[in-house]
Amino acid sequence: MNPIFCALLFSLVAGLVLAEKSDYCLSEIVKSDERIRSHGYPTETHEVTTQDGYVLTLFRIPYSHKLKNQNEKRPPILLQHGLFSNSDCWLSSGPDNSLAYLLADAGYDVWLGNARGNIYSRNNIIISLNSHKFWHFDWHEIGTIDIPAMIDYILADTGFDQIHYAGHSQGTTVYLVMLSERPEYNALIKSGHLLAPCAFFEHGTSFIFNALGPLVGTPGGIWNQLLVDTELIPNNNLVNRLVDNSCHLSNTICNNAFIMFANGGYVNANASSMSVLIETHPAGSSSNQGIHYLQLWKSLKFRQYDWGTKKNNELYGQDLPPDYDLSKIVAPTHLYSSTNDALCGPEDVNTLVENFPHLTEDYRVPVQSFNHLDFIIAKNMKELVNDPIIERINSYEGR
């Protein structure tokens with residue numbers, strides 16, 4: 001195995017081992033609001049408490065200092081990050097390239113979501129962070145509870161009746177979950193934009209599937225029992241410092257840190273963007289989120305969490321978990337995918353399209369080398385992805 005990969009894998013394992021002893025402190029990093037402010041944009045921080053007690057942090061760019069449009073109508077949009085990520089992913093390439101800033105400069109009221117369990121949303125008014133019960137969730141709960149709570153809050157705060165939505169990776173999965181499980185939210189979505197859409201994984205080529213899928217992709221196994229309801233790849237100061245220093249020493253090491261999971265190479269990647277991401281990534285998540293994805297790879301289905309026959313019957317009234325019904329999604333939805341995505345590749349996007357009867361658009365990035373992470377860190381993502389997104393959103397606003 002490549003020695004760089006070995007070193008990085010050791011760092012991640014060290015992060016897991018040292019999680020409870022981590023000296024990680026949010027005050028030591030440049031947070032999303034500080035990053036936004038450093039580029040001259042106004043920013044706000046909001047907290048949303050879910051029905052099950054999780055306190056979610058939303059960062060907001062209410063208007064553009066370049067446009068001075070604070071007194072004009074500014075339609076809201078929610079940006080939602082992927083697995084192991086947080087709101088910083090929408091900011092890491094700076095004002096000239098990152099979607100959050102570009103949307104603000106296009107006249108939108110930009111809200112950056114943070115799902116339960118990441119570094120910005122690690123509180124619960126009922127459950128202690130140190131309890132396994134805190135981590136008893138996966139992206140199903142993010143889709144059915146967190147995202148609806150964010151949308152309700154944003155619409156109440158802004159006075160609008162509908163919201164635009166853009167998500168990357170897991171941020172696309174939770175959108176699909178929300179609108180299929182809580183179809184009443186279709187009426188609240190003015191347009192949805194799914195970057196690197198993830199629902200089916202039969203053809204995934206990332207080594208993660210073959211390495212971990214057989215171990216935890218089926219309920220009841222010893223690894224599954226050991227890993228369930230724990231924090232997965234927590235943010236740890238030691239690991240972050242090691243990788244951050246590696247980024248300064250070598251772009252190759254920095255690049256490999258990110259392609260460990262997504263694969264696909266880094267011909268389009270912006271090394272400075274990756275260096276920024278390293279400061280707050282990996283951002284922490286529940287192990288159940290990763291296990292659920294591996295279950296989808298194993299089952300070839302897009303369905304709810306598989307707890308095993310006994311618990312499935314208790315929860316679902318059947319032996320196997322129910323599929324998510326994509327026919328219930330009627331909100332205008334655009335997919336943005338790429339050929340070189342090792343996690344959610346073109347064949348699996350084809351399956352999603354086939355099962356998505358009310359899909360508005362299936363856009364494929366016209367660059368063969370574009371991969372899963374390029375949607376948030378590529379040097380050419382503005383012209384290939386972000387400009388097309390804004391053009392489509394503008395069309396819904398009559399612009």
# chains A, B, ... in the order shown; residues from 1 in each chain; ligands from 1

$ closest_atom_pairs --of "stretch 285-356 of chain A" --to "stretch 195-208 of chain A" --cutoff "9 Å" --atoms "only C-alpha atoms" --output "Markdown table"
| residue | atom | partner | partner_atom | distance |
| --- | --- | --- | --- | --- |
| A:Tyr293 | CA | A:Phe201 | CA | 8.2 |
| A:Leu294 | CA | A:Phe201 | CA | 8.4 |
| A:Leu296 | CA | A:Phe201 | CA | 6.4 |
| A:Trp297 | CA | A:Phe201 | CA | 4.8 |
| A:Lys298 | CA | A:Glu202 | CA | 7.7 |
| A:Ser299 | CA | A:Glu202 | CA | 8.3 |
| A:Leu300 | CA | A:Glu202 | CA | 5.4 |
| A:Lys301 | CA | A:Phe200 | CA | 6.4 |
| A:Phe302 | CA | A:Ala199 | CA | 5.7 |
| A:Arg303 | CA | A:Ala199 | CA | 8.8 |
| A:His334 | CA | A:Leu195 | CA | 8.7 |
| A:Leu335 | CA | A:Leu195 | CA | 6.4 |
| A:Tyr336 | CA | A:Leu195 | CA | 4.9 |
| A:Ser337 | CA | A:Ala196 | CA | 4.8 |
| A:Ser338 | CA | A:Ala196 | CA | 7.1 |
| A:Asp341 | CA | A:Ala196 | CA | 7.6 |
| A:Ala342 | CA | A:Thr205 | CA | 4.8 |
| A:Leu343 | CA | A:Gly204 | CA | 5.0 |
| A:Cys344 | CA | A:Cys198 | CA | 5.4 |
| A:Gly345 | CA | A:Gly204 | CA | 6.4 |
| A:Pro346 | CA | A:His203 | CA | 8.6 |
| A:Glu347 | CA | A:His203 | CA | 6.6 |
| A:Asp348 | CA | A:Phe200 | CA | 5.4 |
| A:Val349 | CA | A:Pro197 | CA | 7.1 |
| A:Thr351 | CA | A:Phe200 | CA | 7.0 |
| A:Leu352 | CA | A:Phe200 | CA | 6.7 |

$ select_by_dssp --residues "stretch 169-393 of chain A" --states "helix (DSSP H, G or I)" --output "JSON, numbers by chain"
{"A": [170, 171, 172, 173, 174, 175, 176, 177, 178, 179, 180, 181, 183, 184, 185, 186, 187, 188, 207, 208, 209, 210, 211, 212, 213, 214, 215, 216, 222, 223, 224, 225, 226, 227, 237, 238, 239, 240, 241, 242, 243, 244, 245, 246, 247, 248, 249, 251, 252, 253, 254, 255, 256, 257, 258, 259, 260, 261, 262, 271, 272, 273, 274, 275, 276, 277, 278, 287, 288, 289, 290, 291, 292, 293, 294, 295, 296, 297, 298, 299, 309, 310, 311, 312, 313, 314, 315, 316, 326, 327, 328, 346, 347, 348, 349, 350, 351, 352, 353, 354, 374, 375, 376, 377, 381, 382, 383, 384, 385, 386, 387, 388, 389, 390, 391, 392, 393]}

$ write_last_selection --atoms "C-alpha atoms" --output "mmCIF file, in the first residue's frame"
data_model
loop_
_atom_site.group_PDB
_atom_site.id
_atom_site.type_symbol
_atom_site.label_atom_id
_atom_site.label_comp_id
_atom_site.auth_asym_id
_atom_site.auth_seq_id
_atom_site.Cartn_x
_atom_site.Cartn_y
_atom_site.Cartn_z
ATOM 1 C CA GLN A 170 -24.954 13.107 2.105
ATOM 2 C CA GLY A 171 -26.620 16.497 1.693
ATOM 3 C CA THR A 172 -28.360 14.986 -1.343
ATOM 4 C CA THR A 173 -29.321 11.794 0.477
ATOM 5 C CA VAL A 174 -31.066 13.665 3.280
ATOM 6 C CA TYR A 175 -33.011 15.746 0.735
ATOM 7 C CA LEU A 176 -34.321 12.553 -0.884
ATOM 8 C CA VAL A 177 -35.165 11.111 2.526
ATOM 9 C CA MET A 178 -37.000 14.244 3.644
ATOM 10 C CA LEU A 179 -39.182 14.594 0.574
ATOM 11 C CA SER A 180 -40.037 10.877 0.387
ATOM 12 C CA GLU A 181 -40.721 10.434 4.117
ATOM 13 C CA PRO A 183 -43.762 14.719 1.371
ATOM 14 C CA GLU A 184 -45.494 17.789 2.778
ATOM 15 C CA TYR A 185 -42.102 19.525 2.476
ATOM 16 C CA ASN A 186 -42.239 19.284 -1.331
ATOM 17 C CA ALA A 187 -44.448 22.390 -1.310
ATOM 18 C CA LEU A 188 -41.756 24.326 0.585
ATOM 19 C CA PHE A 207 -11.977 0.886 -1.701
ATOM 20 C CA ILE A 208 -14.201 1.691 1.290
ATOM 21 C CA PHE A 209 -16.998 -0.497 -0.089
ATOM 22 C CA ASN A 210 -14.926 -3.659 -0.509
ATOM 23 C CA ALA A 211 -12.862 -3.034 2.622
ATOM 24 C CA LEU A 212 -15.683 -2.306 5.063
ATOM 25 C CA GLY A 213 -18.890 -3.394 3.337
ATOM 26 C CA PRO A 214 -18.478 -7.113 4.098
ATOM 27 C CA LEU A 215 -17.683 -6.298 7.757
ATOM 28 C CA VAL A 216 -20.509 -3.899 8.647
ATOM 29 C CA ILE A 222 -19.505 -8.477 15.529
ATOM 30 C CA TRP A 223 -18.042 -5.387 13.819
ATOM 31 C CA ASN A 224 -21.506 -3.995 13.306
ATOM 32 C CA GLN A 225 -22.327 -4.483 16.981
ATOM 33 C CA LEU A 226 -19.045 -2.887 18.087
ATOM 34 C CA LEU A 227 -19.377 0.178 15.880
ATOM 35 C CA ASN A 237 -6.447 18.191 17.229
ATOM 36 C CA LEU A 238 -3.553 15.747 16.924
ATOM 37 C CA VAL A 239 -4.756 14.343 13.619
ATOM 38 C CA ASN A 240 -5.648 17.762 12.241
ATOM 39 C CA ARG A 241 -2.238 19.175 13.109
ATOM 40 C CA LEU A 242 -0.456 16.225 11.502
ATOM 41 C CA VAL A 243 -2.433 16.500 8.280
ATOM 42 C CA ASP A 244 -2.318 20.302 8.220
ATOM 43 C CA ASN A 245 1.475 20.233 8.581
ATOM 44 C CA SER A 246 1.597 17.598 5.831
ATOM 45 C CA CYS A 247 -0.375 19.918 3.565
ATOM 46 C CA HIS A 248 2.194 22.647 4.086
ATOM 47 C CA LEU A 249 5.029 20.215 3.387
ATOM 48 C CA ASN A 251 0.528 18.948 -1.818
ATOM 49 C CA THR A 252 0.634 15.231 -2.642
ATOM 50 C CA ILE A 253 0.072 14.257 0.993
ATOM 51 C CA CYS A 254 -2.673 16.850 1.340
ATOM 52 C CA ASN A 255 -4.377 15.622 -1.807
ATOM 53 C CA ASN A 256 -4.208 11.985 -0.730
ATOM 54 C CA ALA A 257 -5.790 12.858 2.617
ATOM 55 C CA PHE A 258 -8.984 13.711 0.793
ATOM 56 C CA ILE A 259 -8.999 11.053 -1.914
ATOM 57 C CA MET A 260 -8.606 8.244 0.638
ATOM 58 C CA PHE A 261 -12.373 7.929 0.802
ATOM 59 C CA ALA A 262 -13.575 9.466 -2.443
ATOM 60 C CA ALA A 271 -4.662 22.409 -2.919
ATOM 61 C CA SER A 272 -5.318 25.626 -0.991
ATOM 62 C CA SER A 273 -9.010 24.719 -0.722
ATOM 63 C CA MET A 274 -8.095 21.333 0.699
ATOM 64 C CA SER A 275 -5.761 22.955 3.187
ATOM 65 C CA VAL A 276 -8.651 25.106 4.410
ATOM 66 C CA LEU A 277 -10.927 22.067 4.716
ATOM 67 C CA ILE A 278 -8.346 20.191 6.766
ATOM 68 C CA SER A 287 -20.991 5.515 12.904
ATOM 69 C CA ASN A 288 -24.559 4.639 11.928
ATOM 70 C CA GLN A 289 -24.363 7.065 9.000
ATOM 71 C CA GLY A 290 -21.442 5.183 7.464
ATOM 72 C CA ILE A 291 -22.964 1.791 8.294
ATOM 73 C CA HIS A 292 -26.234 2.775 6.613
ATOM 74 C CA TYR A 293 -24.408 3.685 3.397
ATOM 75 C CA LEU A 294 -22.557 0.361 3.438
ATOM 76 C CA GLN A 295 -25.886 -1.410 3.919
ATOM 77 C CA LEU A 296 -27.129 0.258 0.731
ATOM 78 C CA TRP A 297 -24.047 -0.993 -1.118
ATOM 79 C CA LYS A 298 -24.692 -4.505 0.184
ATOM 80 C CA SER A 299 -28.454 -4.556 -0.480
ATOM 81 C CA THR A 309 -35.177 -9.148 11.386
ATOM 82 C CA LYS A 310 -36.374 -8.832 14.978
ATOM 83 C CA LYS A 311 -35.938 -5.087 15.381
ATOM 84 C CA ASN A 312 -37.049 -4.446 11.791
ATOM 85 C CA ASN A 313 -40.385 -6.066 12.600
ATOM 86 C CA GLU A 314 -40.683 -3.926 15.718
ATOM 87 C CA LEU A 315 -39.912 -0.704 13.840
ATOM 88 C CA TYR A 316 -41.242 -1.342 10.357
ATOM 89 C CA LEU A 326 -38.828 8.486 -4.714
ATOM 90 C CA SER A 327 -42.126 8.867 -6.574
ATOM 91 C CA LYS A 328 -43.283 11.060 -3.691
ATOM 92 C CA PRO A 346 -22.699 7.439 -13.270
ATOM 93 C CA GLU A 347 -24.226 3.940 -13.332
ATOM 94 C CA ASP A 348 -25.718 4.420 -9.880
ATOM 95 C CA VAL A 349 -26.929 7.890 -10.825
ATOM 96 C CA ASN A 350 -28.623 6.168 -13.782
ATOM 97 C CA THR A 351 -30.450 3.950 -11.280
ATOM 98 C CA LEU A 352 -31.492 7.004 -9.295
ATOM 99 C CA VAL A 353 -32.799 8.701 -12.432
ATOM 100 C CA GLU A 354 -34.764 5.589 -13.412
ATOM 101 C CA ASP A 374 -14.392 18.237 -6.976
ATOM 102 C CA PHE A 375 -17.910 19.608 -6.455
ATOM 103 C CA ILE A 376 -16.550 21.514 -3.436
ATOM 104 C CA ILE A 377 -12.795 21.885 -4.036
ATOM 105 C CA MET A 381 -16.038 24.037 -10.199
ATOM 106 C CA LYS A 382 -17.329 27.595 -10.708
ATOM 107 C CA GLU A 383 -17.826 27.311 -14.439
ATOM 108 C CA LEU A 384 -18.690 23.592 -14.430
ATOM 109 C CA VAL A 385 -21.077 23.444 -11.460
ATOM 110 C CA ASN A 386 -21.697 26.638 -9.513
ATOM 111 C CA ASP A 387 -22.516 28.936 -12.419
ATOM 112 C CA PRO A 388 -25.027 26.409 -13.843
ATOM 113 C CA ILE A 389 -26.648 26.056 -10.394
ATOM 114 C CA ILE A 390 -27.086 29.817 -10.041
ATOM 115 C CA GLU A 391 -28.403 30.075 -13.600
ATOM 116 C CA ARG A 392 -31.059 27.472 -12.809
ATOM 117 C CA ILE A 393 -31.995 29.047 -9.478
#

$ closest_residue --among "A:Asp109, A:Glu34, A:Glu279, A:Asp52" --to "A:Glu141" --atoms "only C-alpha atoms"
A:Asp52

$ closest_residue --among "A:Val365, A:Leu58, A:Val330, A:Ile36" --to "A:Ser92" --atoms "only C-alpha atoms"
A:Ile36
